[in-house]
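Below is one structure, written out as structure tokens; the observations come after it.
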Amino acid sequence: MAASLRDAVCKQDICHREPDFDVLLTSIEQKLLTLFDIKKRKRYRAVVITGSGTAANESMLSSVVGNGAILILSNGEFGERLHKTSLIHNARTHLLQQPWGTPFDPDQIAAYLAVNDIDVVAMVHHETCSGMLNPLAAIGALAKSHGAIFVVDGVSSVGAEVVDMEGSNIAFCSSSSSKAIGSYPGLSFVIGRKSQFKKLKRHAAKTTYLNLATFYRFLKTHCQTPNTPAVPLFFAFEQALINLLSEGVTSHFGRIQARADQLRLGMRKLNLEFVLDKADMCAVLTTVKVPPAIKVGDLRDKLREKSIIIYEGKGCFAGKVFQVGNIGALSEQDVEFFLGTLRNVLLELQATAADGIAPIRSKTAPATLPAVAKLTLAKVRS
């Protein structure tokens with residue numbers, strides 16, 4: 001966490017119903033529009049919610065559908081979460097599902113939209129259970145051609161990947177203050193077209209706290225949030241956006257991708273295999289197959305002793321994969337430290353593994369971990 005964020009979160013408190021907070025919220029909103037590279041800025045607004053990314057997603061799913069029909073596209077854990085959330089709020093919830101880590105079939109989606117009356121299409125941009133980056137432009141075009149609006153969960157992609165609201169026909173996109181934006185967790189936001197925000201008042205409210213129409217009304221008429229905000233987190237969020245925009249959006253994205261490339265090259269040199277093809281990977285996360293005869297829990301524990309945290313796979317990937325994130329203030333030296341430590345830990349674990357498993361060779365020779373059957377994998381996201 002950047003020192004400037006620690007300073008920001010400790011600023012002297014302000015009253016959230018005074019002009020000071022109006023200025024703060026306006027500053028955050030304008031910086032979000034810049035982050036998204038919105039060209040026609042007057043056509044978009046961004047509301048900020050005190051709550052995690054799941055709060056922003058539930059705000060969208062409970063507010064934008066009304067009595068209409070929504071199609072959830074799911075190819076991972078968080079697509080499944082969107083579906084479960086929608087079922088709570090929307091009687092006419094449809095689902096098209098692929099196995100975790102499997103790309104969507106555009107023809108299948110087009111065929112489904114052709115025979116079903118769908119008002120809203122919702123999808124996770126970056127499925128962290130596998131690290132898969134789902135296509136926005138193609139799905140947005142399909143939704144538009146069938147008269148549906150497109151809603152995107154961008155919780156773990158915004159701040160690391162381009163989210164073209166205008167070009168991809170996205171009506172609403174959610175994300176959080178943490179993840180690739182780099183602030184403290186606890187805030188989320190929904191950015192959307194003003195024309196779509198205005199339509200929300202037609203729908204009966206399904207929640208109190210997370211009614212997106214109420215958030216928009218308070219933003220539009222008072223430049224406020226409808227509920228008491230976590231003001232210190234707003235200070236930190238603004239500072240994180242200042243840091244990101246000062247670096248430059250393109251440079252920020254490039255730095256994250258460079259760390260991912262460095263990690264992936266180093267792990268390939270250890271003969272480790274990835275679940276996804278490079279073209280399907282997000283820049284923030286790499287999902288790695290666990291070598292034979294090594295238990296992922298042992299690998300996690302050994303790395304934790306070295307102050308390195310990895311994620312284990314979940315669901316159908318439990319025990320089969322581990323995941324390495326590369327967002328935050330990571331330097332090239334940090335990545336090299338991880339790669340060296342990972343190599344040594346794998347050597348240590350393989351030294352006690354069953355006979356017949358080829359060890360990682362010395363530093364002067366290429367690693368020779370044998371290939372294993374291709375799997376699909378999972379990642380934790382709060």
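If you're wondering about the labels, chains in the structure tokens are A, B, ... by order shown, residues count from 1 in each chain, ligands from 1 in order shown.
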Spatial neighbours of Val335 of chain A, 9 Å, only C-alpha atoms, chain gap at least 5 places, as a PyMOL selection string:
chain A and resi 259+262-263+266+326+330+340
Do a neighbour search on Leu24 of chain A at 9 Å with only C-alpha atoms, toss out local chain neighbours closer than 5 positions, and write the hits as a PDB file with C-alpha atoms, in the first residue's frame.
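That gives us result_36.pdb:
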```
ATOM      1  CA  PRO A  19     -19.883  20.884   0.996  1.00  0.00           C
ATOM      2  CA  GLU A  29     -16.402  10.815 -10.017  1.00  0.00           C
ATOM      3  CA  PHE A 234     -13.240   8.053   0.170  1.00  0.00           C
ATOM      4  CA  PHE A 235     -10.098  10.063   0.958  1.00  0.00           C
ATOM      5  CA  GLU A 238      -9.368   9.731  -4.284  1.00  0.00           C
TER       6      GLU A 238
END
```
Residues near segment 108-113 of chain A, anyone? I mean within 8 Å using only C-alpha atoms, not counting same-chain ones fewer than 2 positions away, as a tab-separated table (two decimals) with all heavy atoms, in the first residue's frame.
```tsv
chain	number	residue	atom	x	y	z
A	96	LEU	N	-26.73	-18.86	-19.22
A	96	LEU	CA	-25.92	-19.62	-20.16
A	96	LEU	C	-24.57	-19.85	-19.51
A	96	LEU	O	-23.89	-18.90	-19.13
A	96	LEU	CB	-25.74	-18.85	-21.47
A	96	LEU	CG	-26.81	-19.04	-22.55
A	96	LEU	CD1	-26.48	-18.19	-23.78
A	96	LEU	CD2	-26.95	-20.50	-22.95
A	104	PHE	N	-16.63	-18.18	-23.82
A	104	PHE	CA	-18.00	-18.20	-24.29
A	104	PHE	C	-18.05	-18.49	-25.78
A	104	PHE	O	-17.13	-18.15	-26.53
A	104	PHE	CB	-18.69	-16.86	-24.01
A	104	PHE	CG	-18.89	-16.57	-22.55
A	104	PHE	CD1	-18.31	-15.45	-21.97
A	104	PHE	CD2	-19.67	-17.40	-21.76
A	104	PHE	CE1	-18.49	-15.16	-20.63
A	104	PHE	CE2	-19.86	-17.12	-20.41
A	104	PHE	CZ	-19.27	-16.00	-19.85
A	105	ASP	N	-19.14	-19.08	-26.22
A	105	ASP	CA	-19.40	-19.33	-27.63
A	105	ASP	C	-20.35	-18.25	-28.14
A	105	ASP	O	-21.55	-18.26	-27.82
A	105	ASP	CB	-20.03	-20.71	-27.80
A	105	ASP	CG	-20.33	-21.05	-29.26
A	105	ASP	OD1	-20.17	-20.17	-30.12
A	105	ASP	OD2	-20.74	-22.19	-29.52
A	106	PRO	N	-19.86	-17.28	-28.91
A	106	PRO	CA	-20.73	-16.19	-29.38
A	106	PRO	C	-21.94	-16.69	-30.15
A	106	PRO	O	-23.04	-16.11	-30.06
A	106	PRO	CB	-19.81	-15.35	-30.25
A	106	PRO	CG	-18.43	-15.66	-29.76
A	106	PRO	CD	-18.47	-17.09	-29.34
A	115	VAL	N	-34.08	-16.39	-29.66
A	115	VAL	CA	-35.33	-17.09	-29.34
A	115	VAL	C	-35.87	-16.76	-27.96
A	115	VAL	O	-36.91	-17.29	-27.56
A	115	VAL	CB	-35.16	-18.62	-29.49
A	115	VAL	CG1	-34.81	-18.98	-30.93
A	115	VAL	CG2	-34.09	-19.15	-28.54
A	116	ASN	N	-35.18	-15.90	-27.21
A	116	ASN	CA	-35.63	-15.51	-25.88
A	116	ASN	C	-35.70	-13.98	-25.79
A	116	ASN	O	-34.81	-13.28	-26.29
A	116	ASN	CB	-34.69	-16.05	-24.79
A	116	ASN	CG	-34.75	-17.55	-24.68
A	116	ASN	OD1	-35.61	-18.11	-24.00
A	116	ASN	ND2	-33.82	-18.24	-25.33
A	117	ASP	N	-36.72	-13.49	-25.14
A	117	ASP	CA	-36.91	-12.05	-24.98
A	117	ASP	C	-36.10	-11.59	-23.76
A	117	ASP	O	-36.55	-11.71	-22.63
A	117	ASP	CB	-38.39	-11.74	-24.79
A	117	ASP	CG	-38.67	-10.24	-24.74
A	117	ASP	OD1	-37.76	-9.47	-25.12
A	117	ASP	OD2	-39.77	-9.85	-24.32
A	118	ILE	N	-34.91	-11.09	-24.01
A	118	ILE	CA	-33.97	-10.71	-22.94
A	118	ILE	C	-33.81	-9.20	-22.91
A	118	ILE	O	-33.57	-8.57	-23.95
A	118	ILE	CB	-32.60	-11.40	-23.14
A	118	ILE	CG1	-32.74	-12.92	-23.12
A	118	ILE	CG2	-31.60	-10.91	-22.09
A	118	ILE	CD1	-33.21	-13.49	-21.80
A	142	LEU	N	-23.58	-8.11	-29.37
A	142	LEU	CA	-24.67	-9.08	-29.42
A	142	LEU	C	-25.88	-8.58	-28.63
A	142	LEU	O	-27.03	-8.69	-29.10
A	142	LEU	CB	-24.21	-10.42	-28.84
A	142	LEU	CG	-23.37	-11.32	-29.76
A	142	LEU	CD1	-22.87	-12.53	-28.99
A	142	LEU	CD2	-24.21	-11.77	-30.95
A	143	ALA	N	-25.62	-8.05	-27.43
A	143	ALA	CA	-26.72	-7.55	-26.61
A	143	ALA	C	-27.45	-6.42	-27.35
A	143	ALA	O	-28.69	-6.40	-27.43
A	143	ALA	CB	-26.19	-7.06	-25.27
A	146	HIS	N	-29.79	-7.34	-30.17
A	146	HIS	CA	-31.03	-7.99	-29.76
A	146	HIS	C	-31.83	-7.14	-28.78
A	146	HIS	O	-32.72	-7.64	-28.09
A	146	HIS	CB	-30.72	-9.37	-29.15
A	146	HIS	CG	-30.25	-10.38	-30.15
A	146	HIS	ND1	-28.93	-10.48	-30.53
A	146	HIS	CD2	-30.93	-11.29	-30.89
A	146	HIS	CE1	-28.81	-11.45	-31.43
A	146	HIS	NE2	-30.00	-11.95	-31.67
```
Which residues of segment 95-163 of chain A sit at most 7 Å from segment 172-195 of chain A, using only C-alpha atoms? Give each one's shortest atom pair and distance in Å (one decimal place), in chain and ascending residue order, as a Markdown table.
```
| residue | atom | partner | partner_atom | distance |
| --- | --- | --- | --- | --- |
| A:Val151 | CA | A:Phe172 | CA | 5.0 |
| A:Val152 | CA | A:Cys173 | CA | 4.7 |
| A:Asp153 | CA | A:Ser174 | CA | 5.2 |
| A:Gly154 | CA | A:Ser175 | CA | 5.0 |
| A:Val155 | CA | A:Ser175 | CA | 3.8 |
| A:Ser156 | CA | A:Lys179 | CA | 5.8 |
| A:Ser157 | CA | A:Ala180 | CA | 6.9 |
| A:Val158 | CA | A:Ser175 | CA | 6.4 |
| A:Gly159 | CA | A:Ala180 | CA | 4.8 |
| A:Ala160 | CA | A:Ala180 | CA | 5.6 |
```
Write the selection just made, keeping C-alpha atoms, as a PDB file, in the first residue's frame?
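Saved the output as again_8.pdb:
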```pdb
ATOM      1  CA  VAL A 151     -24.116  -4.912 -17.612  1.00  0.00           C
ATOM      2  CA  VAL A 152     -20.533  -5.776 -16.641  1.00  0.00           C
ATOM      3  CA  ASP A 153     -18.862  -6.919 -13.416  1.00  0.00           C
ATOM      4  CA  GLY A 154     -15.488  -5.189 -13.697  1.00  0.00           C
ATOM      5  CA  VAL A 155     -14.480  -5.678 -10.069  1.00  0.00           C
ATOM      6  CA  SER A 156     -11.070  -7.205 -10.749  1.00  0.00           C
ATOM      7  CA  SER A 157     -10.324  -5.777 -14.198  1.00  0.00           C
ATOM      8  CA  VAL A 158     -10.960  -2.034 -13.897  1.00  0.00           C
ATOM      9  CA  GLY A 159      -7.636  -0.294 -13.357  1.00  0.00           C
ATOM     10  CA  ALA A 160      -5.678  -2.971 -15.220  1.00  0.00           C
TER      11      ALA A 160
END
```
Would you mind reading off the distance between atom CA of Ala318 of chain A and atom CA of Gly76 of chain A, one decimal, in Å?
13.6 Å
Find, counting only C-alpha atoms, the residue in A:Thr54, A:Ser63, A:Gln350, A:Thr221 that gets nearest to Phe197 of chain A.
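Checking each candidate against Phe197 of chain A, we get A:Ser63 as the closest.
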For segment 301-306 of chain A: contacts at 9 Å, only C-alpha atoms, fewer than 2 positions along chain excluded, given as a PyMOL selection string:
chain A and resi 296-299+308-310+338+341-342+345+349
